[in-house]
Structure formats: C-alpha cells, structure tokens
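Have a look at start-v4.txt; it's compact mmCIF, N, CA and C atoms:
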```txt
# COMPACT_ATOMS: atom_id res chain seq x y z
N MET Z 1 15.10 2.96 -11.27
CA MET Z 1 14.69 1.74 -10.60
C MET Z 1 13.51 2.02 -9.68
N SER Z 2 12.73 0.99 -9.44
CA SER Z 2 11.57 1.14 -8.59
C SER Z 2 11.34 -0.13 -7.79
N PHE Z 3 10.43 -0.01 -6.84
CA PHE Z 3 10.01 -1.16 -6.05
C PHE Z 3 8.55 -0.97 -5.66
N ASP Z 4 7.91 -2.07 -5.31
CA ASP Z 4 6.50 -2.03 -4.94
C ASP Z 4 6.32 -2.23 -3.44
N LEU Z 5 5.28 -1.63 -2.93
CA LEU Z 5 4.77 -1.90 -1.59
C LEU Z 5 3.26 -1.97 -1.70
N ALA Z 6 2.65 -2.77 -0.86
CA ALA Z 6 1.19 -2.84 -0.82
C ALA Z 6 0.74 -2.74 0.62
N VAL Z 7 -0.43 -2.14 0.82
CA VAL Z 7 -1.08 -2.22 2.12
C VAL Z 7 -2.33 -3.04 1.93
N LEU Z 8 -2.57 -3.93 2.88
CA LEU Z 8 -3.66 -4.90 2.78
C LEU Z 8 -4.55 -4.81 4.01
N ALA Z 9 -5.84 -4.79 3.79
CA ALA Z 9 -6.80 -4.80 4.89
C ALA Z 9 -7.07 -6.26 5.26
N MET Z 10 -6.45 -6.68 6.35
CA MET Z 10 -6.56 -8.06 6.79
C MET Z 10 -7.05 -8.09 8.22
N ASP Z 11 -7.57 -9.25 8.65
CA ASP Z 11 -8.04 -9.36 10.02
C ASP Z 11 -6.86 -9.51 10.98
N GLU Z 12 -7.17 -9.51 12.24
CA GLU Z 12 -6.14 -9.53 13.29
C GLU Z 12 -5.26 -10.77 13.28
N SER Z 13 -5.73 -11.85 12.67
CA SER Z 13 -4.95 -13.09 12.69
C SER Z 13 -4.02 -13.21 11.47
N ALA Z 14 -3.81 -12.11 10.76
CA ALA Z 14 -2.98 -12.14 9.55
C ALA Z 14 -1.56 -12.61 9.86
N ASP Z 15 -1.02 -13.39 8.93
CA ASP Z 15 0.37 -13.80 9.02
C ASP Z 15 1.00 -13.66 7.64
N VAL Z 16 2.27 -13.98 7.52
CA VAL Z 16 3.00 -13.79 6.27
C VAL Z 16 2.37 -14.60 5.14
N ALA Z 17 2.01 -15.84 5.39
CA ALA Z 17 1.42 -16.68 4.34
C ALA Z 17 0.09 -16.10 3.86
N ALA Z 18 -0.72 -15.62 4.79
CA ALA Z 18 -2.01 -15.02 4.42
C ALA Z 18 -1.80 -13.73 3.64
N ALA Z 19 -0.82 -12.94 4.03
CA ALA Z 19 -0.53 -11.69 3.32
C ALA Z 19 -0.06 -11.99 1.89
N ARG Z 20 0.80 -12.98 1.73
CA ARG Z 20 1.28 -13.36 0.40
C ARG Z 20 0.11 -13.82 -0.47
N ALA Z 21 -0.76 -14.65 0.09
CA ALA Z 21 -1.91 -15.15 -0.67
C ALA Z 21 -2.85 -14.00 -1.05
N MET Z 22 -3.06 -13.08 -0.14
CA MET Z 22 -3.94 -11.96 -0.43
C MET Z 22 -3.34 -11.07 -1.52
N PHE Z 23 -2.05 -10.78 -1.44
CA PHE Z 23 -1.40 -9.97 -2.47
C PHE Z 23 -1.52 -10.65 -3.82
N ASP Z 24 -1.32 -11.96 -3.87
CA ASP Z 24 -1.45 -12.70 -5.12
C ASP Z 24 -2.86 -12.57 -5.69
N ARG Z 25 -3.88 -12.65 -4.82
CA ARG Z 25 -5.26 -12.46 -5.28
C ARG Z 25 -5.48 -11.02 -5.78
N CYS Z 26 -4.92 -10.06 -5.06
CA CYS Z 26 -5.12 -8.65 -5.42
C CYS Z 26 -4.50 -8.31 -6.77
N THR Z 27 -3.48 -9.03 -7.15
CA THR Z 27 -2.80 -8.75 -8.42
C THR Z 27 -3.22 -9.71 -9.53
N SER Z 28 -4.20 -10.54 -9.25
CA SER Z 28 -4.69 -11.48 -10.26
C SER Z 28 -5.93 -10.92 -10.94
N ASP Z 29 -6.40 -11.63 -11.93
CA ASP Z 29 -7.63 -11.25 -12.63
C ASP Z 29 -8.87 -11.72 -11.88
N HIS Z 30 -8.70 -12.36 -10.74
CA HIS Z 30 -9.82 -12.95 -10.02
C HIS Z 30 -10.00 -12.33 -8.64
N HIS Z 31 -9.88 -11.01 -8.56
CA HIS Z 31 -10.00 -10.34 -7.27
C HIS Z 31 -11.47 -10.16 -6.90
N ASP Z 32 -11.75 -10.24 -5.61
CA ASP Z 32 -13.11 -10.08 -5.10
C ASP Z 32 -13.64 -8.68 -5.35
N GLU Z 33 -14.94 -8.60 -5.55
CA GLU Z 33 -15.66 -7.33 -5.65
C GLU Z 33 -16.37 -7.11 -4.32
N GLY Z 34 -16.81 -5.90 -4.07
CA GLY Z 34 -17.56 -5.64 -2.85
C GLY Z 34 -17.38 -4.22 -2.38
N GLU Z 35 -17.67 -4.01 -1.12
CA GLU Z 35 -17.57 -2.69 -0.50
C GLU Z 35 -16.11 -2.36 -0.20
N LEU Z 36 -15.75 -1.11 -0.43
CA LEU Z 36 -14.41 -0.63 -0.13
C LEU Z 36 -14.20 -0.64 1.38
N ASP Z 37 -13.13 -1.27 1.84
CA ASP Z 37 -12.79 -1.29 3.26
C ASP Z 37 -12.47 0.14 3.69
N GLU Z 38 -13.11 0.60 4.75
CA GLU Z 38 -12.92 1.99 5.18
C GLU Z 38 -11.50 2.29 5.61
N ARG Z 39 -10.75 1.26 6.05
CA ARG Z 39 -9.35 1.47 6.42
C ARG Z 39 -8.52 1.81 5.18
N VAL Z 40 -8.82 1.11 4.08
CA VAL Z 40 -8.11 1.36 2.82
C VAL Z 40 -8.46 2.76 2.31
N ALA Z 41 -9.73 3.11 2.36
CA ALA Z 41 -10.16 4.43 1.90
C ALA Z 41 -9.47 5.53 2.71
N GLY Z 42 -9.44 5.38 4.03
CA GLY Z 42 -8.79 6.38 4.87
C GLY Z 42 -7.31 6.49 4.59
N PHE Z 43 -6.65 5.34 4.47
CA PHE Z 43 -5.21 5.32 4.16
C PHE Z 43 -4.94 6.05 2.85
N TYR Z 44 -5.68 5.69 1.80
CA TYR Z 44 -5.46 6.26 0.48
C TYR Z 44 -5.70 7.78 0.47
N GLU Z 45 -6.79 8.21 1.08
CA GLU Z 45 -7.10 9.64 1.09
C GLU Z 45 -6.00 10.43 1.79
N ARG Z 46 -5.54 9.95 2.92
CA ARG Z 46 -4.50 10.67 3.66
C ARG Z 46 -3.17 10.64 2.93
N LEU Z 47 -2.83 9.48 2.33
CA LEU Z 47 -1.56 9.37 1.61
C LEU Z 47 -1.53 10.28 0.40
N ARG Z 48 -2.62 10.32 -0.34
CA ARG Z 48 -2.61 11.14 -1.56
C ARG Z 48 -2.68 12.63 -1.26
N LEU Z 49 -3.10 13.01 -0.05
CA LEU Z 49 -2.99 14.42 0.34
C LEU Z 49 -1.52 14.81 0.50
N LEU Z 50 -0.73 13.89 1.01
CA LEU Z 50 0.70 14.13 1.20
C LEU Z 50 1.49 13.98 -0.10
N PHE Z 51 1.13 12.96 -0.88
CA PHE Z 51 1.85 12.61 -2.11
C PHE Z 51 0.83 12.31 -3.20
N PRO Z 52 0.36 13.34 -3.91
CA PRO Z 52 -0.68 13.15 -4.93
C PRO Z 52 -0.27 12.11 -5.97
N ASP Z 53 -1.27 11.31 -6.39
CA ASP Z 53 -1.01 10.31 -7.43
C ASP Z 53 -1.70 10.68 -8.74
N ARG Z 54 -2.13 11.93 -8.82
CA ARG Z 54 -2.73 12.47 -10.04
C ARG Z 54 -2.12 13.85 -10.29
N PRO Z 55 -2.01 14.25 -11.54
CA PRO Z 55 -1.40 15.54 -11.85
C PRO Z 55 -2.14 16.70 -11.18
N PRO Z 56 -1.44 17.78 -10.90
CA PRO Z 56 -0.01 18.01 -11.14
C PRO Z 56 0.85 17.34 -10.07
N PHE Z 57 1.98 16.81 -10.48
CA PHE Z 57 2.88 16.13 -9.58
C PHE Z 57 4.00 17.07 -9.16
N ALA Z 58 4.47 16.88 -7.94
CA ALA Z 58 5.66 17.59 -7.48
C ALA Z 58 6.87 17.00 -8.21
N ALA Z 59 7.89 17.81 -8.38
CA ALA Z 59 9.10 17.35 -9.07
C ALA Z 59 9.72 16.15 -8.37
N GLU Z 60 9.57 16.07 -7.07
CA GLU Z 60 10.16 14.98 -6.30
C GLU Z 60 9.14 13.92 -5.89
N SER Z 61 8.15 13.69 -6.73
CA SER Z 61 7.13 12.68 -6.42
C SER Z 61 7.79 11.31 -6.23
N PRO Z 62 7.34 10.56 -5.22
CA PRO Z 62 7.93 9.24 -4.99
C PRO Z 62 7.39 8.17 -5.94
N TRP Z 63 6.30 8.47 -6.65
CA TRP Z 63 5.62 7.45 -7.46
C TRP Z 63 6.26 7.26 -8.81
N MET Z 64 6.47 6.02 -9.17
CA MET Z 64 6.99 5.67 -10.49
C MET Z 64 5.86 5.29 -11.44
N SER Z 65 4.70 4.98 -10.89
CA SER Z 65 3.54 4.62 -11.68
C SER Z 65 2.31 5.21 -10.99
N THR Z 66 1.49 5.90 -11.78
CA THR Z 66 0.30 6.53 -11.22
C THR Z 66 -0.87 6.31 -12.16
N PRO Z 67 -2.09 6.38 -11.65
CA PRO Z 67 -2.43 6.49 -10.24
C PRO Z 67 -2.10 5.20 -9.50
N LEU Z 68 -2.13 5.27 -8.18
CA LEU Z 68 -1.87 4.08 -7.37
C LEU Z 68 -2.96 3.05 -7.65
N THR Z 69 -2.63 1.79 -7.48
CA THR Z 69 -3.59 0.71 -7.72
C THR Z 69 -4.42 0.49 -6.46
N ILE Z 70 -5.72 0.73 -6.59
CA ILE Z 70 -6.62 0.65 -5.45
C ILE Z 70 -7.63 -0.47 -5.68
N GLY Z 71 -7.89 -1.25 -4.64
CA GLY Z 71 -8.94 -2.25 -4.68
C GLY Z 71 -9.76 -2.14 -3.42
N ILE Z 72 -10.73 -2.99 -3.26
CA ILE Z 72 -11.60 -2.90 -2.09
C ILE Z 72 -10.85 -3.14 -0.79
N ASP Z 73 -9.72 -3.83 -0.86
CA ASP Z 73 -8.99 -4.20 0.35
C ASP Z 73 -7.48 -3.98 0.24
N HIS Z 74 -7.05 -3.14 -0.71
CA HIS Z 74 -5.61 -2.93 -0.86
C HIS Z 74 -5.30 -1.63 -1.59
N VAL Z 75 -4.05 -1.18 -1.40
CA VAL Z 75 -3.44 -0.12 -2.22
C VAL Z 75 -2.06 -0.65 -2.58
N ILE Z 76 -1.74 -0.63 -3.87
CA ILE Z 76 -0.42 -1.07 -4.34
C ILE Z 76 0.30 0.15 -4.89
N MET Z 77 1.53 0.36 -4.43
CA MET Z 77 2.31 1.55 -4.76
C MET Z 77 3.62 1.15 -5.41
N ASN Z 78 3.96 1.82 -6.49
CA ASN Z 78 5.23 1.62 -7.18
C ASN Z 78 6.07 2.87 -6.91
N LEU Z 79 7.13 2.71 -6.10
CA LEU Z 79 7.93 3.83 -5.64
C LEU Z 79 9.30 3.88 -6.29
N SER Z 80 9.85 5.08 -6.34
CA SER Z 80 11.21 5.28 -6.82
C SER Z 80 12.19 4.69 -5.82
N PHE Z 81 13.18 3.97 -6.32
CA PHE Z 81 14.22 3.43 -5.46
C PHE Z 81 15.29 4.51 -5.31
N SER Z 82 14.90 5.57 -4.57
CA SER Z 82 15.81 6.69 -4.35
C SER Z 82 15.39 7.41 -3.08
N SER Z 83 16.16 8.40 -2.69
CA SER Z 83 15.86 9.14 -1.46
C SER Z 83 14.55 9.92 -1.57
N ARG Z 84 14.05 10.15 -2.77
CA ARG Z 84 12.79 10.89 -2.87
C ARG Z 84 11.60 10.09 -2.35
N SER Z 85 11.80 8.79 -2.08
CA SER Z 85 10.73 7.96 -1.52
C SER Z 85 10.80 7.85 0.00
N ASP Z 86 11.84 8.37 0.61
CA ASP Z 86 12.01 8.22 2.06
C ASP Z 86 10.82 8.75 2.85
N ALA Z 87 10.38 9.96 2.55
CA ALA Z 87 9.25 10.55 3.28
C ALA Z 87 7.96 9.77 3.02
N ALA Z 88 7.79 9.27 1.79
CA ALA Z 88 6.60 8.50 1.46
C ALA Z 88 6.59 7.17 2.22
N ILE Z 89 7.73 6.51 2.32
CA ILE Z 89 7.82 5.25 3.05
C ILE Z 89 7.47 5.47 4.52
N LYS Z 90 7.99 6.54 5.08
CA LYS Z 90 7.67 6.85 6.48
C LYS Z 90 6.17 7.08 6.64
N ALA Z 91 5.57 7.84 5.74
CA ALA Z 91 4.13 8.10 5.80
C ALA Z 91 3.33 6.81 5.62
N ILE Z 92 3.76 5.94 4.70
CA ILE Z 92 3.08 4.66 4.48
C ILE Z 92 3.11 3.83 5.77
N GLU Z 93 4.26 3.76 6.41
CA GLU Z 93 4.38 3.00 7.66
C GLU Z 93 3.47 3.58 8.75
N GLU Z 94 3.49 4.91 8.92
CA GLU Z 94 2.68 5.54 9.96
C GLU Z 94 1.18 5.37 9.69
N LEU Z 95 0.77 5.59 8.44
CA LEU Z 95 -0.64 5.47 8.11
C LEU Z 95 -1.12 4.01 8.19
N ALA Z 96 -0.27 3.07 7.77
CA ALA Z 96 -0.64 1.66 7.86
C ALA Z 96 -0.85 1.27 9.32
N ALA Z 97 0.01 1.74 10.20
CA ALA Z 97 -0.16 1.45 11.63
C ALA Z 97 -1.44 2.09 12.15
N GLU Z 98 -1.69 3.34 11.78
CA GLU Z 98 -2.88 4.04 12.24
C GLU Z 98 -4.17 3.33 11.79
N PHE Z 99 -4.18 2.88 10.52
CA PHE Z 99 -5.38 2.25 9.97
C PHE Z 99 -5.36 0.73 10.13
N ARG Z 100 -4.36 0.20 10.83
CA ARG Z 100 -4.24 -1.24 11.12
C ARG Z 100 -4.24 -2.07 9.84
N LEU Z 101 -3.39 -1.64 8.91
CA LEU Z 101 -3.21 -2.35 7.64
C LEU Z 101 -1.87 -3.07 7.65
N VAL Z 102 -1.78 -4.14 6.93
CA VAL Z 102 -0.54 -4.90 6.77
C VAL Z 102 0.21 -4.33 5.58
N ILE Z 103 1.53 -4.10 5.73
CA ILE Z 103 2.37 -3.71 4.60
C ILE Z 103 2.99 -4.98 4.05
N TRP Z 104 2.83 -5.18 2.74
CA TRP Z 104 3.42 -6.34 2.06
C TRP Z 104 4.51 -5.83 1.13
N ASP Z 105 5.71 -6.42 1.27
CA ASP Z 105 6.84 -6.10 0.40
C ASP Z 105 7.04 -7.29 -0.53
N PRO Z 106 6.57 -7.18 -1.78
CA PRO Z 106 6.68 -8.33 -2.69
C PRO Z 106 8.11 -8.67 -3.10
N GLN Z 107 9.04 -7.73 -2.96
CA GLN Z 107 10.43 -8.03 -3.30
C GLN Z 107 11.05 -8.98 -2.28
N SER Z 108 10.85 -8.69 -1.00
CA SER Z 108 11.44 -9.53 0.05
C SER Z 108 10.49 -10.61 0.54
N GLN Z 109 9.20 -10.54 0.08
CA GLN Z 109 8.18 -11.48 0.52
C GLN Z 109 7.98 -11.40 2.04
N GLU Z 110 8.01 -10.16 2.56
CA GLU Z 110 7.83 -9.94 3.99
C GLU Z 110 6.57 -9.14 4.25
N ALA Z 111 5.89 -9.49 5.33
CA ALA Z 111 4.73 -8.75 5.80
C ALA Z 111 5.12 -8.00 7.06
N HIS Z 112 4.68 -6.76 7.13
CA HIS Z 112 4.93 -5.93 8.31
C HIS Z 112 3.58 -5.68 8.94
N LEU Z 113 3.35 -6.30 10.07
CA LEU Z 113 2.07 -6.24 10.76
C LEU Z 113 2.12 -5.12 11.79
N LEU Z 114 2.22 -3.89 11.31
CA LEU Z 114 2.38 -2.72 12.17
C LEU Z 114 1.19 -2.56 13.09
N GLY Z 115 1.47 -2.20 14.33
CA GLY Z 115 0.42 -1.99 15.29
C GLY Z 115 -0.18 -3.28 15.80
N ARG Z 116 0.37 -4.44 15.39
CA ARG Z 116 -0.18 -5.74 15.81
C ARG Z 116 0.88 -6.54 16.56
N GLU Z 117 2.08 -6.03 16.60
CA GLU Z 117 3.18 -6.81 17.16
C GLU Z 117 3.31 -6.59 18.65
```
Go ahead and render the structure in this file as structure tokens.
Amino acid sequence: MSFDLAVLAMDESADVAAARAMFDRCTSDHHDEGELDERVAGFYERLRLLFPDRPPFAAESPWMSTPLTIGIDHVIMNLSFSSRSDAAIKAIEELAAEFRLVIWDPQSQEAHLLGRE
C-alpha cells in the first residue's frame, strides 16, 4: 500500500482551498511552465540526499514510485504505507517548514501550512 504527499510553493496567504486547487493544477495536463521555484529546488535537493529517488536505492527506501514528480512549484511523493516511511515523513515536514512550503495530503484533503501557523 502507498499514499501520496505533495509540497507546494505557495504565497503566505495560502489556505486549504488554494492548496487543493494548486494540487489539482499540478496533477493536470495544464500545469504552468516557468522558472523553478528555489524553495522547491532546495527542498528536493536536500530530500533526495537523505532518500535518493534514483538508483541505487536503499533496501528500506520510502518511495513506492520513482523518480519523484517535480514541477516548477511542487514535489509529489508516493510513499510506502509502512514504518519505512516514518523517517521520510519527518524529513518532509522539517524541510517543508524550513523552505516555507505547504504540505498537501490528497487522501485527507488537508493542507499543512508549516511555519505559517
């Protein structure tokens, strides 16, 4: 089993409805093109140092699908629904707060506005 999480580069006024709309755009065929948001780039580089999304993979990799889905303003991650994802979830939360990114949980339809609350 697996589940998805996304980090979204949104402005300070982000709310749950805006995060849902942005995630829907990011997963559609009509996503914006442009410059890569430096917060997304920093998040992705640091996360993949801890949990590579390209071979060779550790036996306990948290990823169920690789490479991670990257866009100019998002990273979408498909994680194992098991304890092997615990460290990755903690790192995702810490890095999202550091880079001021919103975590979107498409299963629960919840946005976590870390570092903004």
Checklist entry - When you draw a straight line from atom N of Val7 of chain Z to atom CA of Val102 of chain Z, how long is it in Å? => result 6.6 Å
If you run DSSP over the backbone, which residues in chain Z end up helix (DSSP H, G or I)? Put them as a short mmCIF file (atom, residue, chain, number, x, y, z; two decimals) with N, CA and C atoms, keeping the file's coordinate frame.
```cif
data_model
loop_
_atom_site.label_atom_id
_atom_site.label_comp_id
_atom_site.auth_asym_id
_atom_site.auth_seq_id
_atom_site.Cartn_x
_atom_site.Cartn_y
_atom_site.Cartn_z
N VAL Z 16 2.27 -13.98 7.52
CA VAL Z 16 3.00 -13.79 6.27
C VAL Z 16 2.37 -14.60 5.14
N ALA Z 17 2.01 -15.84 5.39
CA ALA Z 17 1.42 -16.68 4.34
C ALA Z 17 0.09 -16.10 3.86
N ALA Z 18 -0.72 -15.62 4.79
CA ALA Z 18 -2.01 -15.02 4.42
C ALA Z 18 -1.80 -13.73 3.64
N ALA Z 19 -0.82 -12.94 4.03
CA ALA Z 19 -0.53 -11.69 3.32
C ALA Z 19 -0.06 -11.99 1.89
N ARG Z 20 0.80 -12.98 1.73
CA ARG Z 20 1.28 -13.36 0.40
C ARG Z 20 0.11 -13.82 -0.47
N ALA Z 21 -0.76 -14.65 0.09
CA ALA Z 21 -1.91 -15.15 -0.67
C ALA Z 21 -2.85 -14.00 -1.05
N MET Z 22 -3.06 -13.08 -0.14
CA MET Z 22 -3.94 -11.96 -0.43
C MET Z 22 -3.34 -11.07 -1.52
N PHE Z 23 -2.05 -10.78 -1.44
CA PHE Z 23 -1.40 -9.97 -2.47
C PHE Z 23 -1.52 -10.65 -3.82
N ASP Z 24 -1.32 -11.96 -3.87
CA ASP Z 24 -1.45 -12.70 -5.12
C ASP Z 24 -2.86 -12.57 -5.69
N ARG Z 25 -3.88 -12.65 -4.82
CA ARG Z 25 -5.26 -12.46 -5.28
C ARG Z 25 -5.48 -11.02 -5.78
N CYS Z 26 -4.92 -10.06 -5.06
CA CYS Z 26 -5.12 -8.65 -5.42
C CYS Z 26 -4.50 -8.31 -6.77
N GLU Z 38 -13.11 0.60 4.75
CA GLU Z 38 -12.92 1.99 5.18
C GLU Z 38 -11.50 2.29 5.61
N ARG Z 39 -10.75 1.26 6.05
CA ARG Z 39 -9.35 1.47 6.42
C ARG Z 39 -8.52 1.81 5.18
N VAL Z 40 -8.82 1.11 4.08
CA VAL Z 40 -8.11 1.36 2.82
C VAL Z 40 -8.46 2.76 2.31
N ALA Z 41 -9.73 3.11 2.36
CA ALA Z 41 -10.16 4.43 1.90
C ALA Z 41 -9.47 5.53 2.71
N GLY Z 42 -9.44 5.38 4.03
CA GLY Z 42 -8.79 6.38 4.87
C GLY Z 42 -7.31 6.49 4.59
N PHE Z 43 -6.65 5.34 4.47
CA PHE Z 43 -5.21 5.32 4.16
C PHE Z 43 -4.94 6.05 2.85
N TYR Z 44 -5.68 5.69 1.80
CA TYR Z 44 -5.46 6.26 0.48
C TYR Z 44 -5.70 7.78 0.47
N GLU Z 45 -6.79 8.21 1.08
CA GLU Z 45 -7.10 9.64 1.09
C GLU Z 45 -6.00 10.43 1.79
N ARG Z 46 -5.54 9.95 2.92
CA ARG Z 46 -4.50 10.67 3.66
C ARG Z 46 -3.17 10.64 2.93
N LEU Z 47 -2.83 9.48 2.33
CA LEU Z 47 -1.56 9.37 1.61
C LEU Z 47 -1.53 10.28 0.40
N ARG Z 48 -2.62 10.32 -0.34
CA ARG Z 48 -2.61 11.14 -1.56
C ARG Z 48 -2.68 12.63 -1.26
N LEU Z 49 -3.10 13.01 -0.05
CA LEU Z 49 -2.99 14.42 0.34
C LEU Z 49 -1.52 14.81 0.50
N LEU Z 50 -0.73 13.89 1.01
CA LEU Z 50 0.70 14.13 1.20
C LEU Z 50 1.49 13.98 -0.10
N SER Z 83 16.16 8.40 -2.69
CA SER Z 83 15.86 9.14 -1.46
C SER Z 83 14.55 9.92 -1.57
N ARG Z 84 14.05 10.15 -2.77
CA ARG Z 84 12.79 10.89 -2.87
C ARG Z 84 11.60 10.09 -2.35
N SER Z 85 11.80 8.79 -2.08
CA SER Z 85 10.73 7.96 -1.52
C SER Z 85 10.80 7.85 0.00
N ASP Z 86 11.84 8.37 0.61
CA ASP Z 86 12.01 8.22 2.06
C ASP Z 86 10.82 8.75 2.85
N ALA Z 87 10.38 9.96 2.55
CA ALA Z 87 9.25 10.55 3.28
C ALA Z 87 7.96 9.77 3.02
N ALA Z 88 7.79 9.27 1.79
CA ALA Z 88 6.60 8.50 1.46
C ALA Z 88 6.59 7.17 2.22
N ILE Z 89 7.73 6.51 2.32
CA ILE Z 89 7.82 5.25 3.05
C ILE Z 89 7.47 5.47 4.52
N LYS Z 90 7.99 6.54 5.08
CA LYS Z 90 7.67 6.85 6.48
C LYS Z 90 6.17 7.08 6.64
N ALA Z 91 5.57 7.84 5.74
CA ALA Z 91 4.13 8.10 5.80
C ALA Z 91 3.33 6.81 5.62
N ILE Z 92 3.76 5.94 4.70
CA ILE Z 92 3.08 4.66 4.48
C ILE Z 92 3.11 3.83 5.77
N GLU Z 93 4.26 3.76 6.41
CA GLU Z 93 4.38 3.00 7.66
C GLU Z 93 3.47 3.58 8.75
N GLU Z 94 3.49 4.91 8.92
CA GLU Z 94 2.68 5.54 9.96
C GLU Z 94 1.18 5.37 9.69
N LEU Z 95 0.77 5.59 8.44
CA LEU Z 95 -0.64 5.47 8.11
C LEU Z 95 -1.12 4.01 8.19
N ALA Z 96 -0.27 3.07 7.77
CA ALA Z 96 -0.64 1.66 7.86
C ALA Z 96 -0.85 1.27 9.32
N ALA Z 97 0.01 1.74 10.20
CA ALA Z 97 -0.16 1.45 11.63
C ALA Z 97 -1.44 2.09 12.15
N GLU Z 98 -1.69 3.34 11.78
CA GLU Z 98 -2.88 4.04 12.24
C GLU Z 98 -4.17 3.33 11.79
#
```
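Proximity ranking of Z:Cys26, Z:Glu12, Z:Pro62, Z:Asp73 relative to Ala87 of chain Z places Z:Pro62 first, based on only N, CA and C atoms.
Inside chain Z, the residues DSSP reads as strand (DSSP E) when given the backbone are Z:Ser2, Z:Phe3, Z:Asp4, Z:Leu5, Z:Ala6, Z:Val7, Z:Leu8, Z:Thr69, Z:Ile70, Z:Gly71, Z:His74, Z:Val75, Z:Ile76, Z:Met77, Z:Asn78, Z:Leu79, Z:Ser80, Z:Val102, Z:Ile103, Z:Trp104, Z:Asp105, Z:Glu110, Z:Ala111, Z:His112.
Closest approach to Phe3 of chain Z from the set Z:Phe99, Z:Pro52, Z:Met64, Z:Ala88 is made by Z:Met64, with distances taken over all atoms listed in the file.
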Item to check | Pairwise distance for atom CA of Asp4 of chain Z and atom CA of Met77 of chain Z, rounded to one decimal in Å | outcome: 5.5 Å
If we count only N, CA and C atoms and set the cut-off at 8 Å, which residues sit around Phe43 of chain Z, ignoring sequence neighbours fewer than 6 positions away in its own chain? Please answer as a PDB file with N, CA and C atoms, in the frame of the given file.
```
ATOM      1  N   ASP Z  37     -13.130  -1.270   1.840  1.00  0.00           N
ATOM      2  CA  ASP Z  37     -12.790  -1.290   3.260  1.00  0.00           C
ATOM      3  C   ASP Z  37     -12.470   0.140   3.690  1.00  0.00           C
ATOM      4  N   LEU Z  49      -3.100  13.010  -0.050  1.00  0.00           N
ATOM      5  CA  LEU Z  49      -2.990  14.420   0.340  1.00  0.00           C
ATOM      6  C   LEU Z  49      -1.520  14.810   0.500  1.00  0.00           C
ATOM      7  N   LEU Z  95       0.770   5.590   8.440  1.00  0.00           N
ATOM      8  CA  LEU Z  95      -0.640   5.470   8.110  1.00  0.00           C
ATOM      9  C   LEU Z  95      -1.120   4.010   8.190  1.00  0.00           C
ATOM     10  N   ALA Z  96      -0.270   3.070   7.770  1.00  0.00           N
ATOM     11  CA  ALA Z  96      -0.640   1.660   7.860  1.00  0.00           C
ATOM     12  C   ALA Z  96      -0.850   1.270   9.320  1.00  0.00           C
ATOM     13  N   GLU Z  98      -1.690   3.340  11.780  1.00  0.00           N
ATOM     14  CA  GLU Z  98      -2.880   4.040  12.240  1.00  0.00           C
ATOM     15  C   GLU Z  98      -4.170   3.330  11.790  1.00  0.00           C
ATOM     16  N   PHE Z  99      -4.180   2.880  10.520  1.00  0.00           N
ATOM     17  CA  PHE Z  99      -5.380   2.250   9.970  1.00  0.00           C
ATOM     18  C   PHE Z  99      -5.360   0.730  10.130  1.00  0.00           C
TER      19      PHE Z  99
END
```
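Proximity to Asp11 of chain Z was assessed for Z:Phe23, Z:Phe51, Z:Phe57, Z:Arg100 counting only N, CA and C atoms; the smallest distance is recorded for Z:Arg100.
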Checklist entry - To one decimal place, how far is atom CA of Asp15 of chain Z from atom CA of Arg48 of chain Z in Å? => result 27.3 Å
Item to check | Contact residues around Ala41 of chain Z with all atoms listed in the file at 8 Å, ignoring same-chain residues under 4 positions, as a PyMOL selection string | outcome: chain Z and resi 36-37+45-47+71-74
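Using only C-alpha atoms, the contacts of Leu68 of chain Z at a cut-off of 9 Å, with sequence neighbours closer than 3 positions omitted, comprise Tyr44, Asp53, Arg54, Trp63, Ser65, Val75, Ile76, Met77 and Asn78 of chain Z.
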Next on the checklist: List the spatial neighbours of Ser61 of chain Z as a PyMOL selection string - criterion: any atom at most 7 Å away, only N, CA and C atoms, same-chain residues fewer than 6 positions off excluded.
Outcome noted: chain Z and resi 51+80+84-85
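Using all atoms listed in the file, the nearest neighbour of Asp105 of chain Z within the list Z:Ala59, Z:Met1, Z:Ile70, Z:Ala6 is Z:Ala6.
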Counting only C-alpha atoms, write as a short mmCIF file (atom, residue, chain, number, x, y, z; two decimals) with N, CA and C atoms, in the frame of the given file all protein and nucleic acid residues lying at most 12 Å from (9.0, -11.0, 5.2) in the file's frame.
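The resulting point-v3.cif:
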```cif
data_model
loop_
_atom_site.label_atom_id
_atom_site.label_comp_id
_atom_site.auth_asym_id
_atom_site.auth_seq_id
_atom_site.Cartn_x
_atom_site.Cartn_y
_atom_site.Cartn_z
N ASP Z 15 -1.02 -13.39 8.93
CA ASP Z 15 0.37 -13.80 9.02
C ASP Z 15 1.00 -13.66 7.64
N VAL Z 16 2.27 -13.98 7.52
CA VAL Z 16 3.00 -13.79 6.27
C VAL Z 16 2.37 -14.60 5.14
N ALA Z 17 2.01 -15.84 5.39
CA ALA Z 17 1.42 -16.68 4.34
C ALA Z 17 0.09 -16.10 3.86
N ALA Z 18 -0.72 -15.62 4.79
CA ALA Z 18 -2.01 -15.02 4.42
C ALA Z 18 -1.80 -13.73 3.64
N ALA Z 19 -0.82 -12.94 4.03
CA ALA Z 19 -0.53 -11.69 3.32
C ALA Z 19 -0.06 -11.99 1.89
N ARG Z 20 0.80 -12.98 1.73
CA ARG Z 20 1.28 -13.36 0.40
C ARG Z 20 0.11 -13.82 -0.47
N VAL Z 102 -1.78 -4.14 6.93
CA VAL Z 102 -0.54 -4.90 6.77
C VAL Z 102 0.21 -4.33 5.58
N ILE Z 103 1.53 -4.10 5.73
CA ILE Z 103 2.37 -3.71 4.60
C ILE Z 103 2.99 -4.98 4.05
N TRP Z 104 2.83 -5.18 2.74
CA TRP Z 104 3.42 -6.34 2.06
C TRP Z 104 4.51 -5.83 1.13
N ASP Z 105 5.71 -6.42 1.27
CA ASP Z 105 6.84 -6.10 0.40
C ASP Z 105 7.04 -7.29 -0.53
N PRO Z 106 6.57 -7.18 -1.78
CA PRO Z 106 6.68 -8.33 -2.69
C PRO Z 106 8.11 -8.67 -3.10
N GLN Z 107 9.04 -7.73 -2.96
CA GLN Z 107 10.43 -8.03 -3.30
C GLN Z 107 11.05 -8.98 -2.28
N SER Z 108 10.85 -8.69 -1.00
CA SER Z 108 11.44 -9.53 0.05
C SER Z 108 10.49 -10.61 0.54
N GLN Z 109 9.20 -10.54 0.08
CA GLN Z 109 8.18 -11.48 0.52
C GLN Z 109 7.98 -11.40 2.04
N GLU Z 110 8.01 -10.16 2.56
CA GLU Z 110 7.83 -9.94 3.99
C GLU Z 110 6.57 -9.14 4.25
N ALA Z 111 5.89 -9.49 5.33
CA ALA Z 111 4.73 -8.75 5.80
C ALA Z 111 5.12 -8.00 7.06
N HIS Z 112 4.68 -6.76 7.13
CA HIS Z 112 4.93 -5.93 8.31
C HIS Z 112 3.58 -5.68 8.94
N LEU Z 113 3.35 -6.30 10.07
CA LEU Z 113 2.07 -6.24 10.76
C LEU Z 113 2.12 -5.12 11.79
#
```
